[in-house]
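Visitor: Input file: work32.tsv. Contents: TSV, C-alpha atoms.
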```
chain	number	residue	atom	x	y	z
A	1	MET	CA	8.79	16.78	-4.47
A	2	ASN	CA	9.91	15.26	-1.22
A	3	SER	CA	12.45	12.48	-1.06
A	4	LEU	CA	11.37	8.96	-1.80
A	5	GLU	CA	12.28	7.68	1.64
A	6	GLY	CA	9.99	10.24	3.20
A	7	LEU	CA	7.05	8.46	1.63
A	8	PHE	CA	7.71	5.28	3.58
A	9	LYS	CA	6.46	4.87	7.12
A	10	PRO	CA	8.58	2.63	9.39
A	11	GLY	CA	6.25	-0.35	9.07
A	12	ASP	CA	6.12	0.01	5.30
A	13	TRP	CA	9.68	-1.26	5.05
A	14	GLY	CA	8.60	-4.37	6.90
A	15	VAL	CA	5.68	-4.91	4.55
A	16	VAL	CA	7.93	-4.43	1.51
A	17	LEU	CA	10.46	-6.87	2.94
A	18	LEU	CA	7.77	-9.42	3.77
A	19	ALA	CA	6.22	-9.16	0.31
A	20	ALA	CA	9.65	-9.44	-1.33
A	21	LEU	CA	10.52	-12.52	0.74
A	22	PHE	CA	7.17	-14.08	-0.09
A	23	THR	CA	7.70	-13.43	-3.79
A	24	ALA	CA	11.25	-14.76	-3.68
A	25	GLY	CA	9.96	-17.83	-1.87
A	26	LEU	CA	7.41	-18.45	-4.60
A	27	PHE	CA	10.09	-18.19	-7.28
A	28	PHE	CA	12.36	-20.49	-5.32
A	29	HIS	CA	9.56	-22.97	-4.80
A	30	ALA	CA	8.57	-22.95	-8.46
A	31	TRP	CA	12.09	-23.32	-9.73
A	32	THR	CA	13.60	-25.87	-7.41
A	33	LYS	CA	12.93	-29.47	-8.12
A	34	PRO	CA	11.21	-31.59	-5.50
A	35	ALA	CA	13.39	-33.51	-3.10
A	36	GLY	CA	14.43	-36.90	-4.33
A	37	THR	CA	13.30	-40.07	-2.63
A	38	SER	CA	15.61	-42.71	-4.03
A	39	VAL	CA	18.86	-43.16	-5.92
A	40	VAL	CA	19.72	-45.35	-8.87
A	41	VAL	CA	23.35	-46.32	-9.38
A	42	ARG	CA	24.47	-47.72	-12.71
A	43	ALA	CA	27.81	-49.26	-13.66
A	44	GLN	CA	28.63	-49.85	-17.30
A	45	GLY	CA	25.01	-49.31	-18.19
A	46	ARG	CA	23.49	-51.81	-15.80
A	47	ILE	CA	21.57	-50.87	-12.67
A	48	MET	CA	23.62	-52.02	-9.72
A	49	VAL	CA	21.89	-50.34	-6.78
A	50	ARG	CA	18.43	-48.98	-6.15
A	51	ALA	CA	18.23	-47.43	-2.69
A	52	GLU	CA	15.95	-45.19	-0.65
A	53	LEU	CA	17.53	-41.91	0.39
A	54	GLY	CA	15.84	-42.24	3.77
A	55	ARG	CA	18.11	-45.07	4.85
A	56	ASP	CA	21.76	-44.27	5.52
A	57	ALA	CA	24.07	-46.72	3.82
A	58	GLU	CA	27.23	-47.18	1.80
A	59	TYR	CA	27.50	-49.09	-1.43
A	60	GLU	CA	30.54	-50.25	-3.37
A	61	VAL	CA	30.03	-50.47	-7.08
A	62	ALA	CA	32.54	-52.03	-9.42
A	63	GLY	CA	33.16	-49.97	-12.53
A	64	ARG	CA	35.57	-50.28	-15.43
A	65	LEU	CA	38.58	-48.93	-13.51
A	66	GLY	CA	37.74	-50.10	-10.03
A	67	VAL	CA	35.37	-49.63	-7.14
A	68	SER	CA	33.31	-46.46	-6.64
A	69	ARG	CA	31.99	-45.88	-3.15
A	70	ILE	CA	28.46	-44.40	-2.92
A	71	GLU	CA	27.31	-42.94	0.35
A	72	VAL	CA	23.69	-42.24	1.38
A	73	ARG	CA	23.35	-40.02	4.44
A	74	GLN	CA	20.37	-38.02	5.78
A	75	GLY	CA	18.36	-38.00	2.58
A	76	ARG	CA	21.33	-37.10	0.40
A	77	VAL	CA	23.71	-39.13	-1.68
A	78	ARG	CA	27.24	-38.62	-2.97
A	79	VAL	CA	30.07	-40.43	-4.64
A	80	ALA	CA	32.45	-40.72	-1.72
A	81	ALA	CA	35.32	-42.20	-3.68
A	82	ASP	CA	36.02	-43.03	-7.30
A	83	PRO	CA	39.12	-44.29	-9.08
A	84	GLY	CA	38.65	-41.94	-12.04
A	85	PRO	CA	41.38	-39.36	-12.81
A	86	LYS	CA	39.32	-36.17	-12.76
A	87	GLN	CA	37.18	-36.79	-9.65
A	88	ILE	CA	34.39	-34.64	-11.07
A	89	CYS	CA	31.63	-36.83	-9.69
A	90	VAL	CA	33.25	-36.87	-6.26
A	91	ARG	CA	33.63	-33.10	-6.16
A	92	GLN	CA	29.96	-32.66	-7.05
A	93	GLY	CA	29.26	-33.48	-3.44
A	94	TRP	CA	25.89	-34.22	-1.96
A	95	LEU	CA	22.84	-34.57	-4.22
A	96	SER	CA	19.28	-34.56	-2.92
A	97	ARG	CA	16.94	-33.17	-5.58
A	98	ALA	CA	15.01	-35.34	-8.01
A	99	GLY	CA	16.74	-35.44	-11.38
A	100	GLU	CA	20.21	-34.58	-10.07
A	101	ALA	CA	22.93	-36.88	-11.26
A	102	ALA	CA	26.65	-37.51	-10.89
A	103	LEU	CA	28.57	-39.20	-13.67
A	104	CYS	CA	31.91	-40.85	-13.13
A	105	LEU	CA	32.71	-41.21	-16.80
A	106	ALA	CA	36.07	-42.91	-16.64
A	107	ASN	CA	34.79	-45.60	-14.33
A	108	GLN	CA	31.45	-45.76	-16.18
A	109	VAL	CA	29.51	-45.35	-12.96
A	110	SER	CA	26.54	-43.05	-12.72
A	111	LEU	CA	24.29	-42.01	-9.90
A	112	GLU	CA	20.86	-40.49	-10.37
A	113	VAL	CA	18.40	-39.18	-7.80
A	114	ALA	CA	14.78	-40.08	-8.51
A	115	GLY	CA	11.75	-38.34	-7.03
A	116	ALA	CA	8.16	-39.25	-6.36
A	117	GLY	CA	6.91	-37.01	-9.15
A	118	LYS	CA	7.71	-37.03	-12.81
A	119	ALA	CA	11.21	-38.36	-13.26
A	120	PHE	CA	11.52	-37.46	-16.94
A	121	ASP	CA	11.19	-34.27	-18.89
A	122	THR	CA	10.31	-36.25	-21.96
A	123	VAL	CA	10.08	-39.82	-23.10
A	124	SER	CA	10.36	-41.02	-26.67
A	125	TYR	CA	11.12	-44.13	-28.59
B	1	MET	CA	-54.13	14.68	-13.65
B	2	LYS	CA	-51.34	16.07	-11.71
B	3	GLN	CA	-47.92	15.03	-12.88
B	4	ARG	CA	-45.88	13.62	-10.06
B	5	GLU	CA	-42.33	14.58	-10.09
B	6	ILE	CA	-39.74	12.05	-9.03
B	7	ARG	CA	-36.68	13.75	-7.83
B	8	LEU	CA	-33.54	11.97	-6.75
B	9	GLU	CA	-31.62	13.91	-4.21
B	10	VAL	CA	-28.05	14.13	-5.38
B	11	THR	CA	-25.68	15.06	-2.64
B	12	ALA	CA	-22.25	16.55	-2.95
B	13	GLN	CA	-20.93	13.19	-1.79
B	14	ASP	CA	-22.60	11.49	-4.77
B	15	HIS	CA	-20.98	13.91	-7.18
B	16	PHE	CA	-17.66	13.38	-5.49
B	17	ILE	CA	-17.88	9.58	-5.70
B	18	ALA	CA	-19.04	9.74	-9.30
B	19	ALA	CA	-16.12	11.95	-10.28
B	20	LEU	CA	-13.56	9.69	-8.64
B	21	ALA	CA	-15.18	6.54	-9.98
B	22	ALA	CA	-14.98	8.10	-13.44
B	23	LEU	CA	-11.30	8.71	-12.89
B	24	ALA	CA	-10.80	5.11	-11.77
B	25	VAL	CA	-12.77	3.82	-14.76
B	26	GLY	CA	-10.65	5.95	-17.06
B	27	LEU	CA	-7.45	4.50	-15.63
B	28	THR	CA	-8.77	0.94	-15.89
B	29	VAL	CA	-9.84	1.37	-19.50
B	30	ALA	CA	-6.58	3.09	-20.37
B	31	GLU	CA	-4.38	0.39	-18.89
B	32	SER	CA	-6.42	-2.35	-20.54
B	33	ALA	CA	-4.85	-1.11	-23.76
B	34	LEU	CA	-1.35	-1.70	-22.41
B	35	PRO	CA	0.37	-4.78	-23.74
B	36	THR	CA	1.20	-7.22	-20.96
B	37	PRO	CA	3.52	-10.22	-20.98
B	38	LEU	CA	0.95	-12.27	-19.06
B	39	PRO	CA	-2.80	-11.75	-19.17
B	40	GLY	CA	-3.88	-10.31	-15.86
B	41	VAL	CA	-0.60	-8.60	-15.00
B	42	LYS	CA	-1.55	-4.93	-14.92
B	43	PRO	CA	-0.37	-1.87	-12.99
B	44	GLY	CA	-3.76	-1.48	-11.31
B	45	LEU	CA	-3.61	2.29	-11.43
B	46	ALA	CA	-7.24	2.54	-10.33
B	47	ASN	CA	-6.10	1.29	-6.94
B	48	ILE	CA	-4.36	4.64	-6.53
B	49	VAL	CA	-7.73	6.36	-6.65
B	50	VAL	CA	-9.42	3.80	-4.40
B	51	LEU	CA	-6.68	3.98	-1.79
B	52	LEU	CA	-6.62	7.76	-1.86
B	53	VAL	CA	-10.39	7.87	-1.34
B	54	MET	CA	-10.11	5.33	1.46
B	55	LEU	CA	-7.45	7.31	3.30
B	56	ARG	CA	-9.23	10.64	2.91
B	57	HIS	CA	-12.91	9.77	2.98
B	58	GLY	CA	-13.25	6.39	4.57
B	59	PHE	CA	-13.98	2.87	3.58
B	60	ALA	CA	-17.57	3.32	2.37
B	61	ALA	CA	-16.64	5.91	-0.23
B	62	ALA	CA	-13.73	3.75	-1.40
B	63	ALA	CA	-16.00	0.72	-1.70
B	64	TRP	CA	-18.40	2.75	-3.86
B	65	VAL	CA	-15.59	3.91	-6.13
B	66	MET	CA	-14.24	0.37	-6.45
B	67	SER	CA	-17.65	-1.15	-7.20
B	68	ILE	CA	-18.56	1.46	-9.77
B	69	ARG	CA	-15.14	1.11	-11.36
B	70	VAL	CA	-15.43	-2.66	-11.80
B	71	LEU	CA	-18.98	-2.45	-13.14
B	72	ALA	CA	-18.55	0.55	-15.41
B	73	ALA	CA	-15.17	-0.50	-16.78
B	74	SER	CA	-16.54	-3.92	-17.66
B	75	LEU	CA	-19.45	-2.30	-19.51
B	76	MET	CA	-17.07	-0.06	-21.41
B	77	LEU	CA	-14.68	-2.89	-22.25
B	78	GLY	CA	-17.46	-5.31	-23.09
B	79	THR	CA	-16.43	-7.85	-20.49
B	80	PHE	CA	-19.50	-7.58	-18.25
B	81	LEU	CA	-20.39	-11.03	-16.81
B	82	SER	CA	-17.50	-12.63	-18.70
B	83	PRO	CA	-14.88	-14.65	-16.81
B	84	GLY	CA	-12.64	-11.59	-16.86
B	85	PHE	CA	-15.35	-9.61	-15.12
B	86	TRP	CA	-15.69	-12.16	-12.34
B	87	LEU	CA	-11.94	-12.21	-11.93
B	88	ALA	CA	-12.04	-8.43	-11.54
B	89	VAL	CA	-14.86	-8.77	-9.00
B	90	ALA	CA	-12.92	-11.36	-7.03
B	91	GLY	CA	-9.79	-9.21	-7.02
B	92	ALA	CA	-11.70	-6.09	-6.06
B	93	ALA	CA	-13.60	-7.87	-3.28
B	94	ALA	CA	-10.38	-9.32	-1.86
B	95	SER	CA	-8.56	-5.99	-1.89
B	96	MET	CA	-11.51	-4.20	-0.29
B	97	GLY	CA	-11.51	-6.94	2.36
B	98	VAL	CA	-7.89	-6.16	3.12
B	99	LEU	CA	-8.59	-2.42	3.23
B	100	LEU	CA	-11.37	-3.12	5.73
B	101	PHE	CA	-8.77	-4.60	8.06
B	102	SER	CA	-6.24	-1.87	7.39
B	103	ARG	CA	-8.07	0.41	9.82
B	104	PHE	CA	-6.60	-1.70	12.61
B	105	ALA	CA	-3.08	-0.96	11.44
B	106	PRO	CA	-1.56	1.93	13.37
B	107	ARG	CA	-1.22	4.85	10.96
B	108	ARG	CA	1.94	5.98	12.68
B	109	LEU	CA	3.67	2.82	11.49
B	110	PHE	CA	1.91	1.90	8.28
B	111	GLY	CA	1.26	4.18	5.35
B	112	PRO	CA	-0.03	4.03	1.79
B	113	VAL	CA	2.83	1.78	0.69
B	114	SER	CA	1.76	-0.95	3.11
B	115	PHE	CA	-1.88	-0.63	2.15
B	116	SER	CA	-1.15	-0.62	-1.55
B	117	ILE	CA	1.06	-3.70	-1.40
B	118	SER	CA	-1.52	-5.50	0.73
B	119	MET	CA	-4.22	-4.55	-1.76
B	120	ALA	CA	-2.16	-5.77	-4.69
B	121	PHE	CA	-1.44	-9.12	-3.07
B	122	ALA	CA	-5.07	-9.50	-2.01
B	123	HIS	CA	-6.10	-8.68	-5.57
B	124	ILE	CA	-4.02	-11.42	-7.17
B	125	SER	CA	-4.94	-13.85	-4.39
B	126	GLY	CA	-8.65	-13.32	-4.99
B	127	GLN	CA	-8.21	-13.65	-8.72
B	128	LEU	CA	-6.02	-16.72	-8.63
B	129	LEU	CA	-8.27	-18.45	-6.09
B	130	LEU	CA	-11.29	-17.88	-8.30
B	131	ALA	CA	-9.30	-19.01	-11.32
B	132	LYS	CA	-8.14	-22.09	-9.49
B	133	PHE	CA	-11.51	-23.19	-8.14
B	134	TRP	CA	-13.82	-22.11	-10.89
B	135	LEU	CA	-12.31	-21.22	-14.22
B	136	PHE	CA	-9.36	-23.51	-14.68
B	137	SER	CA	-9.97	-26.13	-12.04
B	138	SER	CA	-7.93	-28.68	-13.93
B	139	ALA	CA	-4.98	-26.50	-14.82
B	140	ASP	CA	-2.04	-26.06	-12.52
B	141	ILE	CA	-1.74	-22.36	-11.80
B	142	GLY	CA	1.21	-22.85	-9.49
B	143	MET	CA	3.61	-21.64	-12.14
B	144	LEU	CA	1.64	-18.39	-12.45
B	145	LEU	CA	2.17	-17.46	-8.83
B	146	PRO	CA	5.73	-16.10	-8.97
B	147	PRO	CA	5.25	-13.62	-11.84
B	148	PHE	CA	1.91	-12.46	-10.42
B	149	ALA	CA	3.46	-11.95	-6.99
B	150	LEU	CA	6.35	-10.03	-8.51
B	151	ALA	CA	3.91	-7.77	-10.36
B	152	ALA	CA	1.93	-7.23	-7.16
B	153	LEU	CA	5.11	-6.30	-5.31
B	154	VAL	CA	6.39	-3.87	-7.92
B	155	PHE	CA	3.09	-2.24	-8.87
B	156	GLY	CA	1.79	-2.32	-5.30
B	157	MET	CA	4.83	-0.44	-4.07
B	158	THR	CA	4.81	2.00	-6.99
B	159	ASN	CA	1.13	2.81	-6.58
B	160	GLY	CA	1.59	3.16	-2.83
B	161	LEU	CA	4.43	5.62	-3.36
B	162	ILE	CA	2.26	7.59	-5.77
B	163	VAL	CA	-0.52	7.77	-3.15
B	164	ALA	CA	1.96	8.77	-0.46
B	165	GLY	CA	3.39	11.40	-2.77
B	166	LEU	CA	-0.03	12.81	-3.60
B	167	ILE	CA	-0.95	12.99	0.06
B	168	ALA	CA	2.36	14.63	0.91
B	169	GLN	CA	1.66	17.22	-1.77
B	170	GLY	CA	-1.69	17.87	-0.20
B	171	ALA	CA	-3.68	16.62	-3.13
B	172	ALA	CA	-7.31	16.24	-2.17
B	173	PRO	CA	-9.11	13.51	-4.05
B	174	GLY	CA	-11.89	15.10	-6.01
B	175	ALA	CA	-9.77	18.04	-6.94
B	176	GLN	CA	-8.40	17.99	-10.46
B	177	SER	CA	-4.87	17.71	-9.18
B	178	THR	CA	-5.46	14.05	-8.27
B	179	HIS	CA	-4.71	13.24	-11.83
B	180	ALA	CA	-1.38	15.02	-11.92
```
Output the file's structure as structure tokens, nothing else.
Guide:
Amino acid sequence: MNSLEGLFKPGDWGVVLLAALFTAGLFFHAWTKPAGTSVVVRAQGRIMVRAELGRDAEYEVAGRLGVSRIEVRQGRVRVAADPGPKQICVRQGWLSRAGEAALCLANQVSLEVAGAGKAFDTVSY
Amino acid sequence: MKQREIRLEVTAQDHFIAALAALAVGLTVAESALPTPLPGVKPGLANIVVLLVMLRHGFAAAAWVMSIRVLAASLMLGTFLSPGFWLAVAGAAASMGVLLFSRFAPRRLFGPVSFSISMAFAHISGQLLLAKFWLFSSADIGMLLPPFALAALVFGMTNGLIVAGLIAQGAAPGAQSTHA
């Protein structure tokens, strides 16, 4: 039996690569959530800001500890500054996909990206 | 009254196509018994035979083998004229369409692996398009695409390597060694 590589012609590698990229693209497309279109910012349970991700802006939201600064830039949103001790929501960085969220627990400020499609996995009451 | 004799001329080519179609039918029936995680994901071993015939004896012979395979296998499996049969027809037609164009690919650059992968992707494309526009028009088949594409990639490449290996070994389709 000849070696496995000997069974490939030069162009075959290209076809394999193309098919693999196409397949990977399909997986990526099926698994990634659609891009978000707007952001909802809550402080202590109440909705403080509803903004489109298309419009660059900065918002200051008063939480329990102090003011959190929310920044919308080029279709993405982040918590730019937060008075909380752990800074988890700040270090999360930019969010852009529908359903992504950043929670600044200590300050009781939350930020959630909403999309055009289904925003909820499930609804019950 | 004189009895008229009706005689069908059977050429060597007919015997040859019948033998290979039988082989392809056998592979199809055999792999239909394999358990699969997702209905429709199959190795497509019969494509090995079809591709081998195509490369050695031209498109027309391959088209005969493919057509007989789809028809005869469906009769043996009891799926003739069922949705599954039409899916098989759509897949077979799409992959033969791709093989028709493969003659334009320079043989120096592209071998059985390319053809087999192209066939496999054409096969699932034909099937999923038919499924989308006829069988399950309301259902979203988008989630089916990735696993089907992965199966086409893996089995297409494997089958292509088998064909390339058989050709490298000098196996002539029609000879018993095709099955080895």
Visitor: For Gly63 (chain A), which residue out of A:Ala80, A:Leu105, A:Val39, A:Val90 is the nearest one, using all atoms listed in the file?
Guide: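 Distance minimum relative to Gly63 (chain A) lands on A:Leu105.
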Visitor: I'd like the contact shell of region 97-103 of chain A - 9 Å cut-off, only C-alpha atoms, skipping same-chain residues fewer than 3 positions apart - returned as a ChimeraX atom specification.
Guide: /A:32-39,76,78-79,88-90,92-93,106-120
Visitor: So that I can check the surroundings of region 107-119 of chain B, please list as a ChimeraX atom specification every protein, DNA and RNA residue that reaches within 8 Å of it, counting only C-alpha atoms and ignoring chain neighbours fewer than 3 positions away.
Guide: /A:7-12,15-16,19 /B:47-48,51,94-96,98-99,102,122-123,152-153,155-161,163-164
Visitor: Using only C-alpha atoms, please write the residues we just selected to a file, as a PDB file, in the frame of the given file.
Guide:
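This is the output file part31.pdb:
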```pdb
ATOM      1  CA  LEU A   7       7.050   8.460   1.630  1.00  0.00           C
ATOM      2  CA  PHE A   8       7.710   5.280   3.580  1.00  0.00           C
ATOM      3  CA  LYS A   9       6.460   4.870   7.120  1.00  0.00           C
ATOM      4  CA  PRO A  10       8.580   2.630   9.390  1.00  0.00           C
ATOM      5  CA  GLY A  11       6.250  -0.350   9.070  1.00  0.00           C
ATOM      6  CA  ASP A  12       6.120   0.010   5.300  1.00  0.00           C
ATOM      7  CA  VAL A  15       5.680  -4.910   4.550  1.00  0.00           C
ATOM      8  CA  VAL A  16       7.930  -4.430   1.510  1.00  0.00           C
ATOM      9  CA  ALA A  19       6.220  -9.160   0.310  1.00  0.00           C
TER      10      ALA A  19
ATOM     11  CA  ASN B  47      -6.100   1.290  -6.940  1.00  0.00           C
ATOM     12  CA  ILE B  48      -4.360   4.640  -6.530  1.00  0.00           C
ATOM     13  CA  LEU B  51      -6.680   3.980  -1.790  1.00  0.00           C
ATOM     14  CA  ALA B  94     -10.380  -9.320  -1.860  1.00  0.00           C
ATOM     15  CA  SER B  95      -8.560  -5.990  -1.890  1.00  0.00           C
ATOM     16  CA  MET B  96     -11.510  -4.200  -0.290  1.00  0.00           C
ATOM     17  CA  VAL B  98      -7.890  -6.160   3.120  1.00  0.00           C
ATOM     18  CA  LEU B  99      -8.590  -2.420   3.230  1.00  0.00           C
ATOM     19  CA  SER B 102      -6.240  -1.870   7.390  1.00  0.00           C
ATOM     20  CA  ALA B 122      -5.070  -9.500  -2.010  1.00  0.00           C
ATOM     21  CA  HIS B 123      -6.100  -8.680  -5.570  1.00  0.00           C
ATOM     22  CA  ALA B 152       1.930  -7.230  -7.160  1.00  0.00           C
ATOM     23  CA  LEU B 153       5.110  -6.300  -5.310  1.00  0.00           C
ATOM     24  CA  PHE B 155       3.090  -2.240  -8.870  1.00  0.00           C
ATOM     25  CA  GLY B 156       1.790  -2.320  -5.300  1.00  0.00           C
ATOM     26  CA  MET B 157       4.830  -0.440  -4.070  1.00  0.00           C
ATOM     27  CA  THR B 158       4.810   2.000  -6.990  1.00  0.00           C
ATOM     28  CA  ASN B 159       1.130   2.810  -6.580  1.00  0.00           C
ATOM     29  CA  GLY B 160       1.590   3.160  -2.830  1.00  0.00           C
ATOM     30  CA  LEU B 161       4.430   5.620  -3.360  1.00  0.00           C
ATOM     31  CA  VAL B 163      -0.520   7.770  -3.150  1.00  0.00           C
ATOM     32  CA  ALA B 164       1.960   8.770  -0.460  1.00  0.00           C
TER      33      ALA B 164
END
```
Visitor: Check the smallest atom-to-atom distance from each of B:Leu20, B:Ser82, B:Leu77, B:Thr36 to Ala63 (chain B) using all atoms listed in the file, then report the winner.
Guide: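 Of the candidates, the smallest distance to Ala63 (chain B) is held by B:Leu20.
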Visitor: Taking all atoms listed in the file into account and nothing else, which residues of chain A lie no more than 10 Å away from chain B? Please answer as a ChimeraX atom specification.
Guide: /A:1-20,22-31
Visitor: Using the selection just defined, write its residues with C-alpha atoms as a compact mmCIF listing (two decimals), in the frame of the given file.
Guide:
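Writing done, so here's part07.txt:
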```txt
# COMPACT_ATOMS: atom_id res chain seq x y z
CA MET A 1 8.79 16.78 -4.47
CA ASN A 2 9.91 15.26 -1.22
CA SER A 3 12.45 12.48 -1.06
CA LEU A 4 11.37 8.96 -1.80
CA GLU A 5 12.28 7.68 1.64
CA GLY A 6 9.99 10.24 3.20
CA LEU A 7 7.05 8.46 1.63
CA PHE A 8 7.71 5.28 3.58
CA LYS A 9 6.46 4.87 7.12
CA PRO A 10 8.58 2.63 9.39
CA GLY A 11 6.25 -0.35 9.07
CA ASP A 12 6.12 0.01 5.30
CA TRP A 13 9.68 -1.26 5.05
CA GLY A 14 8.60 -4.37 6.90
CA VAL A 15 5.68 -4.91 4.55
CA VAL A 16 7.93 -4.43 1.51
CA LEU A 17 10.46 -6.87 2.94
CA LEU A 18 7.77 -9.42 3.77
CA ALA A 19 6.22 -9.16 0.31
CA ALA A 20 9.65 -9.44 -1.33
CA PHE A 22 7.17 -14.08 -0.09
CA THR A 23 7.70 -13.43 -3.79
CA ALA A 24 11.25 -14.76 -3.68
CA GLY A 25 9.96 -17.83 -1.87
CA LEU A 26 7.41 -18.45 -4.60
CA PHE A 27 10.09 -18.19 -7.28
CA PHE A 28 12.36 -20.49 -5.32
CA HIS A 29 9.56 -22.97 -4.80
CA ALA A 30 8.57 -22.95 -8.46
CA TRP A 31 12.09 -23.32 -9.73
```
Visitor: If I take CA of Ala24 (chain B) and CA of Ala88 (chain B), how far is one from the other in Å, to one decimal?
Guide: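 Those two atoms sit 13.6 Å apart.
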Visitor: Missing atoms in region 106-126 of chain B: can you complete it with N, CA and C atoms, as a CSV table (one decimal), in the coordinates of the input?
Guide:
```csv
chain,number,residue,atom,x,y,z
B,106,PRO,N,-1.9,0.6,12.9
B,106,PRO,CA,-1.6,1.9,13.4
B,106,PRO,C,-1.0,2.8,12.3
B,107,ARG,N,-1.6,4.0,12.1
B,107,ARG,CA,-1.2,4.8,11.0
B,107,ARG,C,0.2,5.4,11.2
B,108,ARG,N,0.6,5.4,12.4
B,108,ARG,CA,1.9,6.0,12.7
B,108,ARG,C,3.0,5.1,12.0
B,109,LEU,N,2.7,3.8,12.0
B,109,LEU,CA,3.7,2.8,11.5
B,109,LEU,C,3.5,2.4,10.0
B,110,PHE,N,2.2,2.4,9.6
B,110,PHE,CA,1.9,1.9,8.3
B,110,PHE,C,1.2,3.0,7.4
B,111,GLY,N,1.8,3.2,6.2
B,111,GLY,CA,1.3,4.2,5.4
B,111,GLY,C,0.7,3.6,4.1
B,112,PRO,N,0.5,4.5,3.1
B,112,PRO,CA,0.0,4.0,1.8
B,112,PRO,C,0.7,2.9,1.1
B,113,VAL,N,2.1,2.8,1.3
B,113,VAL,CA,2.8,1.8,0.7
B,113,VAL,C,2.4,0.4,1.2
B,114,SER,N,2.2,0.3,2.5
B,114,SER,CA,1.8,-1.0,3.1
B,114,SER,C,0.4,-1.3,2.6
B,115,PHE,N,-0.5,-0.3,2.6
B,115,PHE,CA,-1.9,-0.6,2.2
B,115,PHE,C,-1.9,-1.0,0.7
B,116,SER,N,-1.1,-0.3,-0.1
B,116,SER,CA,-1.2,-0.6,-1.6
B,116,SER,C,-0.6,-2.0,-1.9
B,117,ILE,N,0.5,-2.4,-1.2
B,117,ILE,CA,1.1,-3.7,-1.4
B,117,ILE,C,0.1,-4.8,-0.9
B,118,SER,N,-0.5,-4.5,0.2
B,118,SER,CA,-1.5,-5.5,0.7
B,118,SER,C,-2.7,-5.7,-0.2
B,119,MET,N,-3.1,-4.5,-0.8
B,119,MET,CA,-4.2,-4.6,-1.8
B,119,MET,C,-3.8,-5.4,-3.0
B,120,ALA,N,-2.6,-5.1,-3.5
B,120,ALA,CA,-2.2,-5.8,-4.7
B,120,ALA,C,-2.1,-7.3,-4.5
B,121,PHE,N,-1.5,-7.7,-3.3
B,121,PHE,CA,-1.4,-9.1,-3.1
B,121,PHE,C,-2.8,-9.7,-2.9
B,122,ALA,N,-3.7,-9.0,-2.2
B,122,ALA,CA,-5.1,-9.5,-2.0
B,122,ALA,C,-5.7,-9.6,-3.4
B,123,HIS,N,-5.5,-8.7,-4.2
B,123,HIS,CA,-6.1,-8.7,-5.6
B,123,HIS,C,-5.7,-9.9,-6.3
B,124,ILE,N,-4.4,-10.2,-6.4
B,124,ILE,CA,-4.0,-11.4,-7.2
B,124,ILE,C,-4.5,-12.7,-6.5
B,125,SER,N,-4.5,-12.7,-5.1
B,125,SER,CA,-4.9,-13.8,-4.4
B,125,SER,C,-6.4,-14.2,-4.7
B,126,GLY,N,-7.2,-13.1,-4.7
B,126,GLY,CA,-8.6,-13.3,-5.0
B,126,GLY,C,-8.8,-13.8,-6.4
```
